[in-house]
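S.K.: Input: one structure, supplied below.
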Amino acid sequence: MTTRRPTIGVFDSGFGGLTVLKALLELIPDADYLYFGDTARLPYGSKSVETVARYAVEAAHYLEGHGAELLVIACNTATALALDRITASAHVPVVGVVEPGAAAAASVTKNKKIVVIGTEATVSSHAYRKALEARSLDAREKACPLLVPMVEEGWVEHPVTEQVARIYLGEAFAEGFVDADVLVLGCTHYPLLKPLLHRVAPPHVSIVDSAESTARAVAARLQALLPPPPAVREERRALPRLKFFATDSVDKFRRLGERFLGHPIEDVQHVDLKE
């Protein structure tokens with residue numbers, strides 16, 4: 001008898017969601033994965049709520065059509081702006097990145113003061129602030145627009161990146177938030193900067209990685225959805241099956257994606273979603 005492996009679909013506007021996939025692979029190796037990167041239409045941050053929702057719903061339907069039994073919206077912007085629309089249009093359970101990050105912050109904080117860093121679009125949506133305030137936490141959001149291009153350039157330990165991060169966090173942990181004790185990484189590019197951010201953040205601060213929090217939320221959701229595996233596991237595949245879909249250059253996706261996932265990316269298919 002073989003153990004049935006669930007198929008999890010992961011969606012992002014580009015590459016950052018691969019940090020969520022990496023966390024999922026570590027926590028849930030007994031699943032197969034489909035990853036959709038809408039690289040031709042990024043960044044989502046400069047687009048309207050209506051456009052982001054339409055793009056995200058198209059990608060969700062595409063993943064469902066390829067067998068996804070659960071969808072992970074591994075894009076903070078799409079989660080912040082369009083999670084309700086995606087959930088309403090999907091035919092399978094949907095998990096976003098904001099609520100798991102907020103829940104993790106709530107479980108870690110001692111003084112109920114949280115700093116969230118993210119892109120302009122995520123911060124402007126106030127999705128994290130609302131999720132944290134709903135848990136009776138005091139939150140400050142700080143947009144850090146320069147960090148994403150630095151990560152994509154591979155400058156994760158560059159002195160310039162460290163100086164920029166130091167300035168951003170200096171502004172975030174100021175005026176009333178000097179004693180905030182949790183830093184939430186509200187962008188899926190930022191896990192690559194964790195060692196640097198640990199050095200730059202005040203020493204009393206715990207860092208919450210929403211990629212890891214989301215993986216834990218998916219694991220809990222899967223446990224509730226799927227029957228327990230049979231006691232006998234014969235002929236079980238040792239490794240997950242990974243398929244990648246990108247709406248722009250497959251070569252660029254392989255090259256840049258490897259930085260985020262931590263190992264080579266093989267099976268990438270180009271997808272042309274018509275406007």
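Convention: chains lettered A, B, ... in structure tokens order; per-chain residue numbering from 1; ligands numbered from 1 as shown.
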Excluding A:Glu162 and its own-chain neighbours fewer than 2 positions away, which residues fall within 12 Å of it when counting only C-alpha atoms? Please give them as a PyMOL selection string.

M.R.: chain A and resi 146-147+150-151+155-160+164-170+193-201

S.K.: Report as a VMD selection string all protein, DNA and RNA residues lying within 6 Å of A:Ala215, evaluated on only C-alpha atoms, omitting residues in the same chain fewer than 2 positions from it.

M.R.: chain A and resid 23 to 24 212 to 213 217 to 218

S.K.: Among the residues of stretch 173-249 of chain A, find those DSSP assigns to strand (DSSP E) from the backbone and print them as a count of residues only.

M.R.: 13

S.K.: What's around A:Gly17 at 9 Å? Count only C-alpha atoms, leave out sequence neighbours fewer than 2 positions away in its own chain, and write the answer as an mmCIF file with C-alpha atoms, in the first residue's frame.

M.R.:
data_model
loop_
_atom_site.group_PDB
_atom_site.id
_atom_site.type_symbol
_atom_site.label_atom_id
_atom_site.label_comp_id
_atom_site.auth_asym_id
_atom_site.auth_seq_id
_atom_site.Cartn_x
_atom_site.Cartn_y
_atom_site.Cartn_z
ATOM 1 C CA VAL A 10 2.015 27.706 -4.331
ATOM 2 C CA PHE A 11 1.412 31.044 -6.029
ATOM 3 C CA ASP A 12 3.524 34.204 -6.075
ATOM 4 C CA SER A 13 3.989 37.200 -8.324
ATOM 5 C CA GLY A 14 7.604 36.154 -8.803
ATOM 6 C CA PHE A 15 10.465 34.562 -6.899
ATOM 7 C CA THR A 19 11.117 30.897 0.375
ATOM 8 C CA VAL A 20 7.637 29.687 1.358
ATOM 9 C CA LEU A 21 8.070 26.620 -0.859
ATOM 10 C CA LYS A 22 11.453 25.978 0.785
ATOM 11 C CA TYR A 35 4.735 26.566 -8.010
ATOM 12 C CA GLY A 37 5.471 32.544 -10.517
ATOM 13 C CA ILE A 73 -0.806 32.430 -1.640
ATOM 14 C CA ALA A 74 2.904 32.997 -1.010
ATOM 15 C CA CYS A 75 2.696 36.655 -2.049
ATOM 16 C CA ASN A 76 2.176 39.262 0.641
ATOM 17 C CA CYS A 187 7.841 40.060 2.452
ATOM 18 C CA THR A 188 8.893 36.645 1.181
ATOM 19 C CA HIS A 189 12.214 38.024 -0.093
ATOM 20 C CA ALA A 211 7.348 31.858 5.250
ATOM 21 C CA PHE A 260 15.543 31.549 -3.055
#

S.K.: Restricting the calculation to only C-alpha atoms, which member of A:Glu69, A:Glu258, A:Glu175, A:Glu266 is positioned closest to A:Arg140?

M.R.: A:Glu175

S.K.: Which one of A:Ala59, A:Leu185, A:Cys144, A:Ile265 sits closest to A:Arg241 if you count only C-alpha atoms?

M.R.: A:Ile265
